Amino acid sequence: MLEINRRLPVYLLLDTSGSMSGEPIAAVGQGVKALLADLRSDPQAIETAYLSVITFDSVARQLSPLTELMAFQEPKLIASGATALGSALKLLDEAIDREVRKNAPDQKGDWKPLIFLMTDGMPTDSWQIAADAIKKNKPGNLIACAAGSGADVDVLKRITEIVIRLDTLQPDSLKAFFKWVSDSIKITSQSIAQIAADTPINLPPPPPQIQIVP
Amino acid sequence: MTVLDATLTDGRVVQYVLTDNPPSGGMKKTYFSPDRSCVVQFYHHQSAVHDPQRLSRLEAILGKFNPTITQDKGGSAASQTSADYFKRLFCWPVGIVIKPEIGIVAPTYPDSFFFADGPFKGREKEGGWFLGSKTRRLLPASELGNWKNHFGLCICMARAVRRLHLAGLAHSDLSSKNVLIDPVHGASVIIDIDSLVVPGLYPPDVMGSPGYIAPEVLGTQHLPVDDPNRHLPSAVTDQHALAVLIYQYLLLRHPLRGPKVHSTASAEEDERLAMGSQALFIEHPTDPSNQPRDLNLPCAILGQELANLVQRAFIDGLHTPHKRPAAAEWERGLVKTWDMLIPCDNPGCSHQAFVLWNPHDIRCPFCGTAYPISTLPVLKLRSERRPGQWLADGQIVAFHNQSLFSWHVFDNIYSGELADRTPQAYCVFHQGRWLLINQAMDSLTSPGGNRVPIGSAVELKDRAKFRLSQQPHGRIAEVQLLRIGSSTQVSPASVPAGSPAAQSSCGTPITHMPPATRFSGLPPAPAAVTLLPAPPPQSPGISRAGRVAEASPPLTPHTGSSTTPDYWQEKVKTYATLVIAFGSFTTAITTLISQCHR
């Protein structure tokens, strides 16, 4: 059976810069926890979804490598430092290259990864080259979330077409965001075969706290 | 707790409890009524609300197409019995909500469709839990059910789809998500009824779910919806999805998911081809390119009837929709195969039953355990199609504790939703002989031509022929006694069950029944009493309480048990009748023994 089961890789890129410290980072931690609990109640998600967490502050780190849902350990999130978005994008690209199974004549490759990027500020490193590369190569379906008033939507638009805005970093907003992420993963794991490789993915309608940036 | 009112089209008001993150599927979000007896579901998309067809479609589904309401009340059921039966097989909506939003009211599923135990306690038993290799491992053993009950749930499913198609409806999105299953009791319920397709009237609004979409639908999805070559979900695509589900629940693997790579461009492209235009059965007899390495239980273990249907569904009809078996054919094939199931003697066996598919080697294919008694009778059933002309039209393995029902006795009774589920007779292996004990047949006749009263038995000797009923449409049974273990002595008639040769029994007579080598299920009772009335059916694998429900394939949980509490009462009554009828114990025993020897 192993040889024919494709995986749905899911990457969470989370901003852990100093501006997230306090209530926001605690809410993000809670959000990841709730996301796991929700996905673990869905048979299709348990069967296909694999999760990885990459955080970025002054440096970018892959806190959890791509791990199957039931074995995933939620990472400890600490907020401090700057916003190394460029490094995070480079790390993501390397991780996908290393962890996602490719399609080959004798191997069923993984589904196109689903990537959620959340940031609350302006990048502090050089990010443009990495952003352009991601947008051009499309290693996965990337959904970028500008959280709070300090985030720059235009930066995110340079990375991906799908940008959403979260007006505040209040726990309720973050909770709604992670619930929406979870619903998106569930819908994708169920309907993945219907997605034409290059058409936009089918996302569930966002809650009132989230606006889609046209 | 915030309780709100939902107003229905007919003015009724249903209350529901507002929750923060209601369970939500692709189309709707769900709220429970305060007593959790029903759910109120609202559509996500405003467009669905404003779709002028939405309301009229819902009205038609709840009204004239509704198999859970009788015709005189505006539904489509021919009788109340039928309506009540299908209420258990469908979660049919009972009301349309117009305020505060457009939605529907549906009954909550019975408790048996929610996990009672384990890490997913309280969650709906969608089929996916049982099919995924990861999720299945996480389920407690108490939720997995035995193989016989998997046949039972497949019969429920096929019967429900047959009923939809009879009404001119198509489900359009049959999948492991939209059919909840209860393998413990052998039941299933079809949900998400509100998006049913009425061909020509209400077009489908979904393509289906991955893995269940018919190849022609996936293969033509690039065409515009109004293109004449575009295939949309319909009854024939339901037939594909139903075949996939039955194959999956019986063999725990997908019929089309194998190792073959169709495209290296992307997983999505490969999937579209593997399920669409390039779809290839993993057990294809001449093209093994999609066959998994670990495929060791071929579909032949389902018996000839089902193997034929599998071939029509996934070889002949895979890309030729009109060749696919109809739901009614699956239902019939499953019911016939149910009669060929034999309990596995190994209490640790994962499946607890297997189909008699190879009479040369009667052995459980799942655990390798051989049948424990040296002989096994099969009753070949014949019907009088023209005066004096008896045609083979069925068979049933008469294992210890097997029951015969009215649809075995008469050729004009179908074991569907309307059939009486009172056992008519049962088989036992007793003191080295196979007996058929009459429980309710009024004119069972011994091979010698004597009436066999209720509580008495016919001995099942090889080639014995006897009438199950003298009434019109009553069948003849002919015994074929299979010998276990020594293939040299197997009679020439012992060919795969269901094949034409097997239907025409011409076995070599076995004159001496060998003594029982091993038998654990017989109740220890004094010899004088054991034959009168007959030994009650009892075996380690099948508990008394569950017997009726287990023995009658088409029932959903609990419904069969109504006859169970009466069993012993009935037994006692039978006993008393018999004692009165024969005057004394001795006469009774003599009569019975003489009948057995005839």
# chains A, B, ... in the order shown; residues from 1 in each chain; ligands from 1
$ residues_around --residues "region 135-143 of chain A" --least-positions-apart "6" --cutoff "12 Å" --atoms "only C-alpha atoms" --output "ChimeraX atom specification"
/A:8-13,89-90,92-100,102,110-119,128-129,155-165,177,180-181,184-185,188,192,195,197-203,212-213 /B:266-267
$ select_by_dssp --residues "region 19-191 of chain A" --states "strand (DSSP E or B)" --output "JSON, numbers by chain"
{"A": [49, 50, 51, 52, 53, 54, 55, 56, 60, 61, 62, 63, 64, 65, 66, 67, 68, 104, 107, 114, 115, 116, 117, 118, 119, 141, 142, 143, 144, 145, 146, 147, 162, 163, 164, 165, 166]}
$ write_last_selection --atoms "C-alpha atoms" --output "short mmCIF file (atom, residue, chain, number, x, y, z; two decimals), in the first residue's frame"
data_model
loop_
_atom_site.label_atom_id
_atom_site.label_comp_id
_atom_site.auth_asym_id
_atom_site.auth_seq_id
_atom_site.Cartn_x
_atom_site.Cartn_y
_atom_site.Cartn_z
CA ALA A 49 -1.64 15.36 5.49
CA TYR A 50 1.97 15.86 6.64
CA LEU A 51 2.89 18.95 8.57
CA SER A 52 6.03 21.09 8.94
CA VAL A 53 6.57 24.35 10.84
CA ILE A 54 9.14 26.93 9.77
CA THR A 55 9.53 30.03 11.95
CA PHE A 56 11.38 33.21 11.17
CA ALA A 60 14.72 31.16 9.89
CA ARG A 61 14.46 27.64 11.34
CA GLN A 62 12.53 24.54 10.42
CA LEU A 63 11.26 23.67 13.90
CA SER A 64 9.45 20.54 12.75
CA PRO A 65 10.41 18.58 9.65
CA LEU A 66 7.59 17.24 7.49
CA THR A 67 5.85 14.78 9.83
CA GLU A 68 2.69 12.74 9.56
CA ALA A 104 8.90 9.64 -11.42
CA GLN A 107 7.13 6.45 -8.10
CA LEU A 114 -0.02 23.62 0.68
CA ILE A 115 1.87 26.54 2.26
CA PHE A 116 0.49 29.05 4.76
CA LEU A 117 2.67 32.07 5.46
CA MET A 118 1.73 34.43 8.29
CA THR A 119 3.61 37.66 9.05
CA ASN A 141 -0.09 26.52 -3.35
CA LEU A 142 1.00 29.41 -1.12
CA ILE A 143 -1.50 31.41 0.90
CA ALA A 144 -0.02 34.49 2.55
CA CYS A 145 -1.67 36.17 5.51
CA ALA A 146 -0.95 39.78 6.44
CA ALA A 147 -1.75 39.85 10.15
CA ILE A 162 -3.47 34.46 -2.78
CA VAL A 163 -3.16 37.03 -0.01
CA ILE A 164 -5.54 37.44 2.87
CA ARG A 165 -5.65 40.09 5.56
CA LEU A 166 -6.27 39.66 9.25
#
$ residues_around --residues "region 268-285 of chain B" --least-positions-apart "3" --cutoff "7 Å" --atoms "only C-alpha atoms" --output "list in words"
Trp111, Ala193, Ile195, Ala196 and Ala197 of chain A; Gly211, Pro215, Glu216, Leu218, Gly219, Pro255, Leu256, Arg257, Gly258, Val261, His262, Ser263, Thr264, Ala265, Pro288, Asn290, Gln291, Pro292, Phe314 and Ile315 of chain B
$ write_last_selection --atoms "C-alpha atoms" --output "CSV table (one decimal), in the first residue's frame"
chain,number,residue,atom,x,y,z
A,111,TRP,CA,0.5,16.2,-3.9
A,193,ALA,CA,-7.7,15.1,-7.3
A,195,ILE,CA,-7.6,20.3,-8.9
A,196,ALA,CA,-6.1,20.9,-12.2
A,197,ALA,CA,-2.4,21.4,-11.6
B,211,GLY,CA,-11.8,8.0,-6.0
B,215,PRO,CA,-13.8,7.7,-15.4
B,216,GLU,CA,-15.9,9.3,-18.2
B,218,LEU,CA,-13.2,13.0,-15.1
B,219,GLY,CA,-12.1,12.4,-18.6
B,255,PRO,CA,-10.0,-1.1,-7.3
B,256,LEU,CA,-8.1,1.4,-9.4
B,257,ARG,CA,-5.3,2.6,-7.1
B,258,GLY,CA,-2.2,0.7,-8.0
B,261,VAL,CA,2.4,5.9,-13.0
B,262,HIS,CA,0.4,7.6,-15.8
B,263,SER,CA,2.1,11.0,-15.8
B,264,THR,CA,5.3,12.4,-14.2
B,265,ALA,CA,4.2,16.0,-14.8
B,288,PRO,CA,-0.8,-6.5,-14.6
B,290,ASN,CA,-1.3,-1.6,-12.1
B,291,GLN,CA,-1.2,-4.6,-9.8
B,292,PRO,CA,0.1,-3.9,-6.3
B,314,PHE,CA,-14.0,-2.6,-13.5
B,315,ILE,CA,-13.1,-4.3,-16.7
$ residues_around --residues "Gln44 (chain A)" --least-positions-apart "6" --cutoff "12 Å" --atoms "only C-alpha atoms" --output "JSON, numbers by chain"
{"A": [5, 6, 7, 8, 38, 50, 69, 185, 186, 187, 188, 189, 190, 191, 192], "B": [126, 127, 128, 129, 130, 131, 132, 133, 134, 135, 136, 176, 177, 209, 210]}
$ write_last_selection --atoms "N, CA and C atoms" --output "short mmCIF file (atom, residue, chain, number, x, y, z; two decimals), in the first residue's frame"
data_model
loop_
_atom_site.label_atom_id
_atom_site.label_comp_id
_atom_site.auth_asym_id
_atom_site.auth_seq_id
_atom_site.Cartn_x
_atom_site.Cartn_y
_atom_site.Cartn_z
N ASN A 5 0.32 5.45 -1.80
CA ASN A 5 -0.31 6.50 -1.00
C ASN A 5 0.45 7.82 -1.12
N ARG A 6 -0.21 8.77 -1.74
CA ARG A 6 0.42 10.09 -1.86
C ARG A 6 0.22 10.87 -0.58
N ARG A 7 1.16 11.79 -0.33
CA ARG A 7 1.04 12.62 0.87
C ARG A 7 0.68 14.05 0.47
N LEU A 8 -0.02 14.74 1.35
CA LEU A 8 -0.28 16.16 1.15
C LEU A 8 0.62 16.92 2.12
N ASP A 38 -8.14 19.61 15.21
CA ASP A 38 -9.20 19.58 14.19
C ASP A 38 -8.85 18.61 13.06
N TYR A 50 0.70 15.83 5.92
CA TYR A 50 1.97 15.86 6.64
C TYR A 50 2.28 17.32 6.93
N LEU A 69 0.60 13.47 10.50
CA LEU A 69 -0.26 14.18 11.43
C LEU A 69 -0.27 13.57 12.83
N ILE A 185 -7.09 22.79 4.60
CA ILE A 185 -6.34 21.53 4.46
C ILE A 185 -7.31 20.37 4.26
N LYS A 186 -8.40 20.40 5.05
CA LYS A 186 -9.36 19.30 4.94
C LYS A 186 -10.00 19.27 3.56
N ILE A 187 -10.41 20.44 3.08
CA ILE A 187 -11.03 20.48 1.76
C ILE A 187 -10.04 20.03 0.70
N THR A 188 -8.79 20.47 0.84
CA THR A 188 -7.79 20.09 -0.17
C THR A 188 -7.54 18.59 -0.13
N SER A 189 -7.46 18.02 1.09
CA SER A 189 -7.18 16.59 1.15
C SER A 189 -8.35 15.78 0.61
N GLN A 190 -9.53 16.38 0.58
CA GLN A 190 -10.68 15.66 0.04
C GLN A 190 -10.86 15.84 -1.46
N SER A 191 -10.52 17.03 -1.93
CA SER A 191 -10.89 17.31 -3.31
C SER A 191 -9.68 17.42 -4.22
N ILE A 192 -8.54 17.01 -3.69
CA ILE A 192 -7.27 17.28 -4.35
C ILE A 192 -7.22 16.77 -5.79
N GLU B 126 -17.90 7.81 9.17
CA GLU B 126 -17.80 7.84 7.72
C GLU B 126 -16.85 6.72 7.29
N GLY B 127 -17.11 6.19 6.09
CA GLY B 127 -16.37 5.01 5.65
C GLY B 127 -14.86 5.19 5.66
N GLY B 128 -14.39 6.42 5.46
CA GLY B 128 -12.96 6.70 5.38
C GLY B 128 -12.18 6.19 6.58
N TRP B 129 -12.78 6.24 7.76
CA TRP B 129 -12.10 5.75 8.97
C TRP B 129 -11.69 4.29 8.82
N PHE B 130 -12.55 3.51 8.15
CA PHE B 130 -12.34 2.06 8.08
C PHE B 130 -11.47 1.68 6.89
N LEU B 131 -11.32 2.59 5.93
CA LEU B 131 -10.62 2.26 4.70
C LEU B 131 -9.16 2.70 4.71
N GLY B 132 -8.86 3.78 5.42
CA GLY B 132 -7.49 4.30 5.43
C GLY B 132 -6.59 3.35 6.22
N SER B 133 -5.39 3.09 5.69
CA SER B 133 -4.51 2.15 6.39
C SER B 133 -4.06 2.73 7.72
N LYS B 134 -3.93 4.08 7.80
CA LYS B 134 -3.51 4.69 9.06
C LYS B 134 -4.66 4.76 10.05
N THR B 135 -5.82 5.25 9.57
CA THR B 135 -6.94 5.43 10.49
C THR B 135 -7.46 4.10 10.99
N ARG B 136 -7.47 3.08 10.14
CA ARG B 136 -8.01 1.78 10.55
C ARG B 136 -7.23 1.22 11.74
N SER B 176 -17.16 7.41 0.35
CA SER B 176 -17.04 6.90 1.72
C SER B 176 -17.43 7.97 2.73
N LYS B 177 -17.51 9.22 2.28
CA LYS B 177 -17.89 10.30 3.18
C LYS B 177 -19.41 10.46 3.28
N SER B 209 -16.76 12.81 -5.49
CA SER B 209 -15.60 12.86 -4.61
C SER B 209 -14.47 12.04 -5.21
N PRO B 210 -13.21 12.47 -4.98
CA PRO B 210 -12.06 11.78 -5.56
C PRO B 210 -12.08 10.29 -5.22
#
$ closest_residue --among "A:Ala84, A:Ile25, A:Leu35, A:Ile46" --to "chain B" --atoms "only C-alpha atoms"
A:Ile46
$ closest_residue --among "A:Asp125, A:Asp120, A:Glu47, A:Asp172" --to "chain B" --atoms "only C-alpha atoms"
A:Glu47
$ select_by_dssp --residues "region 100-136 of chain A" --states "alpha helix (DSSP H)" --output "PyMOL selection string"
chain A and resi 128-136
$ residues_around --residues "Gln221 (chain B)" --least-positions-apart "4" --cutoff "8 Å" --atoms "only C-alpha atoms" --output "JSON, numbers by chain"
{"B": [217, 230, 231]}
$ write_last_selection --atoms "C-alpha atoms" --output "PDB file, in the first residue's frame"
ATOM      1  CA  VAL B 217     -16.813  12.246 -15.881  1.00  0.00           C
ATOM      2  CA  ARG B 230     -19.424  15.949 -21.549  1.00  0.00           C
ATOM      3  CA  HIS B 231     -20.401  13.309 -18.971  1.00  0.00           C
TER       4      HIS B 231
END
$ closest_residue --among "B:Met27, B:Leu250, B:Val378, B:Ala116" --to "chain A" --atoms "only C-alpha atoms"
B:Met27
$ atom_distance --atom1 "CA of Gly29 (chain A)" --atom2 "CA of Gln73 (chain A)"
12.0 Å
$ closest_residue --among "A:Met20, A:Ala45, A:Ala130, A:Ala27" --to "chain B" --atoms "only C-alpha atoms"
A:Ala45
$ residues_around --residues "region 334-347 of chain B" --least-positions-apart "2" --cutoff "7 Å" --atoms "only C-alpha atoms" --output "PyMOL selection string"
chain B and resi 151+155+303+305-306+330-332+349+352-356+364+369+371-372+396-397+399+541
$ write_last_selection --atoms "C-alpha atoms" --output "PDB file, in the first residue's frame"
ATOM      1  CA  PHE B 151     -21.695  -7.881   3.409  1.00  0.00           C
ATOM      2  CA  ILE B 155     -26.478  -4.958   0.906  1.00  0.00           C
ATOM      3  CA  GLY B 303     -17.322 -16.092  -4.952  1.00  0.00           C
ATOM      4  CA  GLU B 305     -21.433 -14.156  -8.374  1.00  0.00           C
ATOM      5  CA  LEU B 306     -19.547 -11.142  -7.074  1.00  0.00           C
ATOM      6  CA  TRP B 330     -25.217  -5.850  -6.783  1.00  0.00           C
ATOM      7  CA  GLU B 331     -27.958  -6.272  -4.219  1.00  0.00           C
ATOM      8  CA  ARG B 332     -28.932  -9.653  -5.647  1.00  0.00           C
ATOM      9  CA  CYS B 349      -9.720 -14.466  12.794  1.00  0.00           C
ATOM     10  CA  GLN B 352     -14.787 -14.419  11.183  1.00  0.00           C
ATOM     11  CA  ALA B 353     -16.362 -15.655   7.948  1.00  0.00           C
ATOM     12  CA  PHE B 354     -15.494 -16.508   4.365  1.00  0.00           C
ATOM     13  CA  VAL B 355     -17.262 -17.308   1.126  1.00  0.00           C
ATOM     14  CA  LEU B 356     -17.453 -20.893  -0.139  1.00  0.00           C
ATOM     15  CA  CYS B 364     -10.634 -19.245   5.470  1.00  0.00           C
ATOM     16  CA  THR B 369      -8.161 -22.104   9.179  1.00  0.00           C
ATOM     17  CA  TYR B 371     -13.527 -25.922   8.106  1.00  0.00           C
ATOM     18  CA  PRO B 372     -13.636 -28.042  11.324  1.00  0.00           C
ATOM     19  CA  ILE B 396     -27.157 -22.011   0.481  1.00  0.00           C
ATOM     20  CA  VAL B 397     -24.384 -23.461   2.608  1.00  0.00           C
ATOM     21  CA  PHE B 399     -23.394 -24.901   8.030  1.00  0.00           C
ATOM     22  CA  GLY B 541     -18.935 -17.465  17.085  1.00  0.00           C
TER      23      GLY B 541
END
$ closest_residue --among "B:Gly317, B:Pro110, B:Pro23, B:Gly455" --to "chain A" --atoms "only C-alpha atoms"
B:Pro23
$ closest_residue --among "B:Gln239, B:Ser374, B:Ser289, B:Gln431" --to "chain A" --atoms "only C-alpha atoms"
B:Ser289
